[in-house]
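S.K.: This is start-v7.cif (mmCIF, C-alpha atoms).
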```cif
data_work
#
loop_
_atom_site.group_PDB
_atom_site.id
_atom_site.type_symbol
_atom_site.label_atom_id
_atom_site.label_comp_id
_atom_site.auth_asym_id
_atom_site.auth_seq_id
_atom_site.Cartn_x
_atom_site.Cartn_y
_atom_site.Cartn_z
ATOM 1 C CA MET S 1 -167.346 106.757 2.652
ATOM 2 C CA LYS S 2 -166.639 105.675 -0.918
ATOM 3 C CA ASN S 3 -163.116 104.559 0.045
ATOM 4 C CA PHE S 4 -164.531 102.576 2.953
ATOM 5 C CA SER S 5 -166.940 100.794 0.587
ATOM 6 C CA TRP S 6 -164.049 99.828 -1.670
ATOM 7 C CA PHE S 7 -162.135 98.587 1.345
ATOM 8 C CA LEU S 8 -165.051 96.374 2.433
ATOM 9 C CA LEU S 9 -165.468 95.046 -1.089
ATOM 10 C CA LEU S 10 -161.770 94.163 -1.332
ATOM 11 C CA LEU S 11 -161.830 92.599 2.117
ATOM 12 C CA LEU S 12 -164.835 90.461 1.231
ATOM 13 C CA LEU S 13 -163.211 89.415 -2.045
ATOM 14 C CA SER S 14 -159.952 88.412 -0.321
ATOM 15 C CA ILE S 15 -161.841 86.373 2.288
ATOM 16 C CA THR S 16 -163.760 84.567 -0.442
ATOM 17 C CA LEU S 17 -160.606 83.839 -2.444
ATOM 18 C CA SER S 18 -158.652 82.614 0.576
ATOM 19 C CA ALA S 19 -161.506 80.301 1.577
ATOM 20 C CA GLU S 20 -161.491 78.803 -1.913
ATOM 21 C CA ALA S 21 -157.697 78.428 -1.814
ATOM 22 C CA GLN S 22 -157.950 76.461 1.447
ATOM 23 C CA THR S 23 -160.209 73.759 0.059
ATOM 24 C CA ALA S 24 -158.582 70.587 -1.160
ATOM 25 C CA ASN S 25 -159.975 68.285 -3.765
ATOM 26 C CA GLU S 26 -159.435 64.518 -3.846
ATOM 27 C CA ASP S 27 -156.746 64.695 -6.546
ATOM 28 C CA PHE S 28 -154.760 67.234 -4.540
ATOM 29 C CA CYS S 29 -154.981 65.112 -1.372
ATOM 30 C CA THR S 30 -153.920 62.001 -3.280
ATOM 31 C CA ARG S 31 -150.801 63.798 -4.533
ATOM 32 C CA PHE S 32 -150.065 65.632 -1.259
ATOM 33 C CA PRO S 33 -151.549 63.653 1.664
ATOM 34 C CA LEU S 34 -149.483 65.487 4.299
ATOM 35 C CA ASN S 35 -151.001 68.865 3.499
ATOM 36 C CA ALA S 36 -152.893 70.261 6.479
ATOM 37 C CA ARG S 37 -155.955 70.819 4.294
ATOM 38 C CA CYS S 38 -156.109 67.064 3.650
ATOM 39 C CA ARG S 39 -155.452 66.013 7.231
ATOM 40 C CA GLU S 40 -157.841 68.240 9.185
ATOM 41 C CA ASN S 41 -160.474 65.534 9.660
ATOM 42 C CA SER S 42 -157.924 62.881 10.599
ATOM 43 C CA LEU S 43 -156.361 65.125 13.261
ATOM 44 C CA GLU S 44 -159.585 65.064 15.265
ATOM 45 C CA LYS S 45 -159.337 61.266 15.548
ATOM 46 C CA GLU S 46 -155.688 61.168 16.557
ATOM 47 C CA THR S 47 -154.979 60.781 20.251
ATOM 48 C CA ASN S 48 -151.791 61.073 22.186
ATOM 49 C CA SER S 49 -151.724 59.247 25.494
ATOM 50 C CA SER S 50 -149.019 61.502 26.931
ATOM 51 C CA ARG S 51 -151.041 64.716 26.439
ATOM 52 C CA ASN S 52 -152.700 64.386 29.826
ATOM 53 C CA ASN S 53 -149.556 63.276 31.632
ATOM 54 C CA PHE S 54 -148.467 66.644 32.998
ATOM 55 C CA ASN S 55 -145.752 65.134 35.189
ATOM 56 C CA SER S 56 -143.864 63.770 32.198
ATOM 57 C CA SER S 57 -140.443 65.248 31.519
ATOM 58 C CA GLU S 58 -141.472 65.452 27.857
ATOM 59 C CA ASN S 59 -143.899 68.212 28.815
ATOM 60 C CA GLU S 60 -141.121 70.504 29.986
ATOM 61 C CA ILE S 61 -141.035 73.701 27.975
ATOM 62 C CA VAL S 62 -137.908 74.404 25.937
ATOM 63 C CA ASP S 63 -137.291 77.940 24.715
ATOM 64 C CA ILE S 64 -133.580 77.657 23.822
ATOM 65 C CA LEU S 65 -132.020 74.776 21.879
ATOM 66 C CA ASP S 66 -128.432 73.693 22.163
ATOM 67 C CA ILE S 67 -126.542 70.964 20.393
ATOM 68 C CA GLU S 68 -126.372 68.720 23.480
ATOM 69 C CA ALA S 69 -130.165 68.756 23.871
ATOM 70 C CA VAL S 70 -130.676 67.967 20.183
ATOM 71 C CA GLU S 71 -128.220 65.058 20.459
ATOM 72 C CA LYS S 72 -130.143 63.794 23.514
ATOM 73 C CA HIS S 73 -133.437 63.866 21.604
ATOM 74 C CA LEU S 74 -131.890 62.071 18.638
ATOM 75 C CA ARG S 75 -130.534 59.324 20.923
ATOM 76 C CA GLU S 76 -133.973 58.940 22.522
ATOM 77 C CA LEU S 77 -135.400 58.435 19.024
ATOM 78 C CA GLY S 78 -132.820 55.720 18.323
ATOM 79 C CA TYR S 79 -130.258 57.671 16.302
ATOM 80 C CA THR S 80 -126.798 56.884 17.627
ATOM 81 C CA ASN S 81 -124.586 57.409 14.611
ATOM 82 C CA PHE S 82 -124.339 61.164 14.111
ATOM 83 C CA THR S 83 -121.409 63.539 13.836
ATOM 84 C CA ARG S 84 -121.067 66.934 15.466
ATOM 85 C CA ASN S 85 -119.740 69.570 13.058
ATOM 86 C CA ASN S 86 -117.912 72.826 13.785
ATOM 87 C CA ASN S 87 -120.825 75.045 12.690
ATOM 88 C CA ASN S 88 -123.369 74.159 15.414
ATOM 89 C CA SER S 89 -124.738 71.321 13.329
ATOM 90 C CA LEU S 90 -125.006 67.548 13.234
ATOM 91 C CA SER S 91 -124.714 65.145 10.313
ATOM 92 C CA LEU S 92 -126.630 61.874 10.312
ATOM 93 C CA LEU S 93 -128.454 59.379 8.145
ATOM 94 C CA ILE S 94 -132.234 59.195 8.247
ATOM 95 C CA GLN S 95 -133.550 56.151 6.419
ATOM 96 C CA GLY S 96 -130.125 55.863 4.783
ATOM 97 C CA ARG S 97 -130.276 59.402 3.385
ATOM 98 C CA PRO S 98 -127.656 62.035 4.322
ATOM 99 C CA CYS S 99 -129.155 64.739 6.545
ATOM 100 C CA SER S 100 -127.987 67.716 8.573
ATOM 101 C CA VAL S 101 -129.443 69.469 11.597
ATOM 102 C CA PHE S 102 -128.509 73.132 12.037
ATOM 103 C CA ILE S 103 -129.261 74.865 15.312
ATOM 104 C CA ALA S 104 -129.722 78.640 15.138
ATOM 105 C CA SER S 105 -126.926 80.568 16.812
ATOM 106 C CA ASN S 106 -129.448 82.195 19.187
ATOM 107 C CA GLY S 107 -130.976 78.782 20.036
ATOM 108 C CA LYS S 108 -134.450 79.846 18.880
ATOM 109 C CA GLY S 109 -134.847 77.250 16.154
ATOM 110 C CA MET S 110 -133.395 74.501 14.059
ATOM 111 C CA SER S 111 -133.518 73.295 10.492
ATOM 112 C CA LEU S 112 -133.317 69.718 9.281
ATOM 113 C CA PHE S 113 -132.084 69.081 5.743
ATOM 114 C CA SER S 114 -132.274 65.912 3.628
ATOM 115 C CA TYR S 115 -130.131 65.742 0.494
ATOM 116 C CA PHE S 116 -131.281 64.215 -2.804
ATOM 117 C CA PRO S 117 -129.445 63.989 -6.119
ATOM 118 C CA LYS S 118 -130.765 66.298 -8.836
ATOM 119 C CA ASP S 119 -131.617 64.883 -12.229
ATOM 120 C CA GLU S 120 -133.424 66.158 -15.316
ATOM 121 C CA LYS S 121 -136.838 65.366 -13.781
ATOM 122 C CA THR S 122 -136.341 67.502 -10.672
ATOM 123 C CA THR S 123 -137.190 70.855 -12.161
ATOM 124 C CA LEU S 124 -138.223 73.982 -10.314
ATOM 125 C CA GLU S 125 -141.791 73.406 -11.477
ATOM 126 C CA VAL S 126 -141.825 69.917 -9.928
ATOM 127 C CA LEU S 127 -140.398 71.251 -6.669
ATOM 128 C CA ASN S 128 -142.885 74.138 -6.623
ATOM 129 C CA ASP S 129 -145.732 71.633 -6.986
ATOM 130 C CA TRP S 130 -144.367 69.787 -3.970
ATOM 131 C CA ASN S 131 -143.946 73.018 -1.999
ATOM 132 C CA LYS S 132 -147.616 73.894 -2.489
ATOM 133 C CA SER S 133 -148.514 70.834 -0.447
ATOM 134 C CA LEU S 134 -146.809 71.539 2.883
ATOM 135 C CA ARG S 135 -146.627 74.224 5.518
ATOM 136 C CA TYR S 136 -143.508 73.407 7.498
ATOM 137 C CA SER S 137 -141.231 71.923 4.868
ATOM 138 C CA PHE S 138 -140.078 72.831 1.392
ATOM 139 C CA ALA S 139 -137.739 71.618 -1.335
ATOM 140 C CA TYR S 140 -135.312 73.574 -3.482
ATOM 141 C CA ILE S 141 -132.270 73.207 -5.702
ATOM 142 C CA TYR S 142 -128.917 74.054 -4.151
ATOM 143 C CA GLU S 143 -125.655 74.524 -6.009
ATOM 144 C CA THR S 144 -122.620 73.268 -4.075
ATOM 145 C CA LYS S 145 -119.170 74.850 -4.087
ATOM 146 C CA LYS S 146 -118.132 72.172 -6.600
ATOM 147 C CA ASN S 147 -120.930 73.315 -8.963
ATOM 148 C CA ASN S 148 -122.974 70.181 -8.316
ATOM 149 C CA GLU S 149 -126.692 70.597 -7.862
ATOM 150 C CA LEU S 150 -128.576 68.941 -5.034
ATOM 151 C CA VAL S 151 -132.242 68.876 -4.183
ATOM 152 C CA ILE S 152 -132.729 69.742 -0.538
ATOM 153 C CA LEU S 153 -135.803 69.027 1.543
ATOM 154 C CA GLU S 154 -135.848 71.412 4.510
ATOM 155 C CA THR S 155 -138.057 71.383 7.589
ATOM 156 C CA ASN S 156 -137.891 74.080 10.271
ATOM 157 C CA LEU S 157 -138.815 74.305 13.929
ATOM 158 C CA THR S 158 -139.034 77.555 15.867
ATOM 159 C CA VAL S 159 -138.961 77.423 19.659
ATOM 160 C CA THR S 160 -139.690 81.107 20.243
ATOM 161 C CA GLY S 161 -142.274 81.187 23.010
ATOM 162 C CA GLY S 162 -141.373 77.636 24.018
ATOM 163 C CA VAL S 163 -142.233 74.132 22.854
ATOM 164 C CA THR S 164 -142.385 70.826 24.686
ATOM 165 C CA GLU S 165 -139.612 68.283 24.428
ATOM 166 C CA GLU S 166 -142.211 65.977 22.895
ATOM 167 C CA ARG S 167 -142.703 68.531 20.093
ATOM 168 C CA ILE S 168 -138.972 68.589 19.423
ATOM 169 C CA LYS S 169 -138.943 64.804 19.029
ATOM 170 C CA SER S 170 -142.042 64.885 16.842
ATOM 171 C CA PHE S 171 -140.261 67.420 14.624
ATOM 172 C CA PHE S 172 -137.713 64.740 13.670
ATOM 173 C CA LEU S 173 -140.479 62.204 13.056
ATOM 174 C CA LEU S 174 -142.396 64.717 10.946
ATOM 175 C CA HIS S 175 -139.348 65.386 8.788
ATOM 176 C CA THR S 176 -138.778 61.644 8.398
ATOM 177 C CA ASP S 177 -142.361 61.317 7.170
ATOM 178 C CA TYR S 178 -141.874 64.243 4.770
ATOM 179 C CA GLN S 179 -138.652 62.667 3.515
ATOM 180 C CA THR S 180 -140.410 59.358 2.798
ATOM 181 C CA ARG S 181 -143.230 61.121 0.952
ATOM 182 C CA PHE S 182 -140.792 63.309 -0.979
ATOM 183 C CA SER S 183 -138.801 60.236 -2.042
ATOM 184 C CA GLN S 184 -142.025 58.646 -3.280
ATOM 185 C CA TYR S 185 -142.994 61.868 -5.039
ATOM 186 C CA LEU S 186 -139.648 62.034 -6.872
ATOM 187 C CA ALA S 187 -139.799 58.340 -7.754
ATOM 188 C CA GLY S 188 -143.221 58.903 -9.337
ATOM 189 C CA LEU S 189 -141.982 61.586 -11.738
#
```
Would you kindly transcribe this structure into structure tokens?
M.R.:
Amino acid sequence: MKNFSWFLLLLLLSITLSAEAQTANEDFCTRFPLNARCRENSLEKETNSSRNNFNSSENEIVDILDIEAVEKHLRELGYTNFTRNNNNSLSLLIQGRPCSVFIASNGKGMSLFSYFPKDEKTTLEVLNDWNKSLRYSFAYIYETKKNNELVILETNLTVTGGVTEERIKSFFLLHTDYQTRFSQYLAGL
């Protein structure tokens, strides 16, 4: 019984701490407006007119991605200048910034990368501060084969269990939004 009491105490403590960790103050939301903790109230007000249109082809469920489908979605979003690479990936520019899309070999997900130059201001601490703000995207330092360092902003999408085609398109728009915010964040350092 004593062990059970300790278990309940630890459980209660972890619930209390996680609830406090989920709150966001105004300063945090000013620095990281895309964080889900800062957007919860605004999500209730957002509407999507195609949600109730069940006959739309964008509501078809996709559970395997291939490079042709990703190219189709990019064209529908207005991207026409992209290059197919040998490693199941695409190279393109988003807002003038070099980016790559990698499709998992099993077709169950994809990653979108934006590349930024590294300078003395882009430290691991700065990137960790950014990473605290988002759920689906993160930044890190990558060393190339030529020993150059790049800062990479990565966003991932998993299609395990299926997603709509609309969600796949919104993934690219979400990353574009993250890229804009990350550029602003780096410029403000």
S.K.: Could you check how far atom CA of Phe182 of chain S sits from atom CA of Tyr142 of chain S, in Å to one decimal?
M.R.: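 Result for atom CA of Phe182 of chain S versus atom CA of Tyr142 of chain S: 16.3 Å, one decimal.
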S.K.: Near Trp130 of chain S, within 9 Å and counting all atoms listed in the file, which residues show up once chain neighbours fewer than 3 positions away are dropped, as a PyMOL selection string?
M.R.: chain S and resi 31-32+125-127+133-134+138-139+182+185
S.K.: Quick check on the file I pasted: which residues fall under the PyMOL selection byres ((chain S and resi 101-108) around 8)? Write them as a ChimeraX atom specification.
M.R.: /S:63-67,87-91,99-100,109-113,158-160
S.K.: Please determine, counting all atoms listed in the file, which residue among S:Ile141, S:Leu92, S:Leu153, S:Leu189 has the shortest atom-to-atom distance to Glu71 of chain S.
M.R.: S:Leu92
S.K.: Hey, can you check how far atom CA of Asp177 of chain S sits from atom CA of Gly96 of chain S?
M.R.: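 Taking atom CA of Asp177 of chain S as the start and atom CA of Gly96 of chain S as the end point, the length is 13.6 Å.
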S.K.: Of the residues S:Ile152, S:Asn86, S:Pro98, S:Ile168, which is the one nearest to Asn131 of chain S, using all atoms listed in the file?
M.R.: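 That would be S:Ile152, the residue with the smallest distance to Asn131 of chain S.
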S.K.: Just the number, please: distance in Å from atom CA of Thr155 of chain S to atom CA of Phe171 of chain S, one decimal.
M.R.: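 One can read the atom CA of Thr155 of chain S to atom CA of Phe171 of chain S distance as 8.4 Å.
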S.K.: Nearest to Ala69 of chain S: which of S:Lys132, S:Lys169, S:Lys145, S:Lys118 is it, counting only C-alpha atoms?
M.R.: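 Checking each candidate against Ala69 of chain S, we get S:Lys169 as the closest.
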S.K.: Could you give me, as a PDB file with C-alpha atoms, keeping the file's coordinate frame, the residues that sit within 12 Å of (-135.3, 58.6, 24.6) in the file's coordinates, counting all atoms listed in the file?
M.R.:
```
ATOM      1  CA  SER S  57    -140.443  65.248  31.519  1.00  0.00           C
ATOM      2  CA  GLU S  58    -141.472  65.452  27.857  1.00  0.00           C
ATOM      3  CA  ALA S  69    -130.165  68.756  23.871  1.00  0.00           C
ATOM      4  CA  VAL S  70    -130.676  67.967  20.183  1.00  0.00           C
ATOM      5  CA  GLU S  71    -128.220  65.058  20.459  1.00  0.00           C
ATOM      6  CA  LYS S  72    -130.143  63.794  23.514  1.00  0.00           C
ATOM      7  CA  HIS S  73    -133.437  63.866  21.604  1.00  0.00           C
ATOM      8  CA  LEU S  74    -131.890  62.071  18.638  1.00  0.00           C
ATOM      9  CA  ARG S  75    -130.534  59.324  20.923  1.00  0.00           C
ATOM     10  CA  GLU S  76    -133.973  58.940  22.522  1.00  0.00           C
ATOM     11  CA  LEU S  77    -135.400  58.435  19.024  1.00  0.00           C
ATOM     12  CA  GLY S  78    -132.820  55.720  18.323  1.00  0.00           C
ATOM     13  CA  TYR S  79    -130.258  57.671  16.302  1.00  0.00           C
ATOM     14  CA  THR S  80    -126.798  56.884  17.627  1.00  0.00           C
ATOM     15  CA  GLU S 165    -139.612  68.283  24.428  1.00  0.00           C
ATOM     16  CA  GLU S 166    -142.211  65.977  22.895  1.00  0.00           C
ATOM     17  CA  ILE S 168    -138.972  68.589  19.423  1.00  0.00           C
ATOM     18  CA  LYS S 169    -138.943  64.804  19.029  1.00  0.00           C
TER      19      LYS S 169
END
```
S.K.: Draw an axis-aligned box tight on the listed atoms of segment 60-74 of chain S, then pad every side by 6 Å and write out centre and edge lengths in Å to one decimal as AutoDock Vina command-line options.
M.R.:
```
--center_x -133.7 --center_y 70.0 --center_z 24.3 --size_x 26.7 --size_y 27.9 --size_z 23.3
```
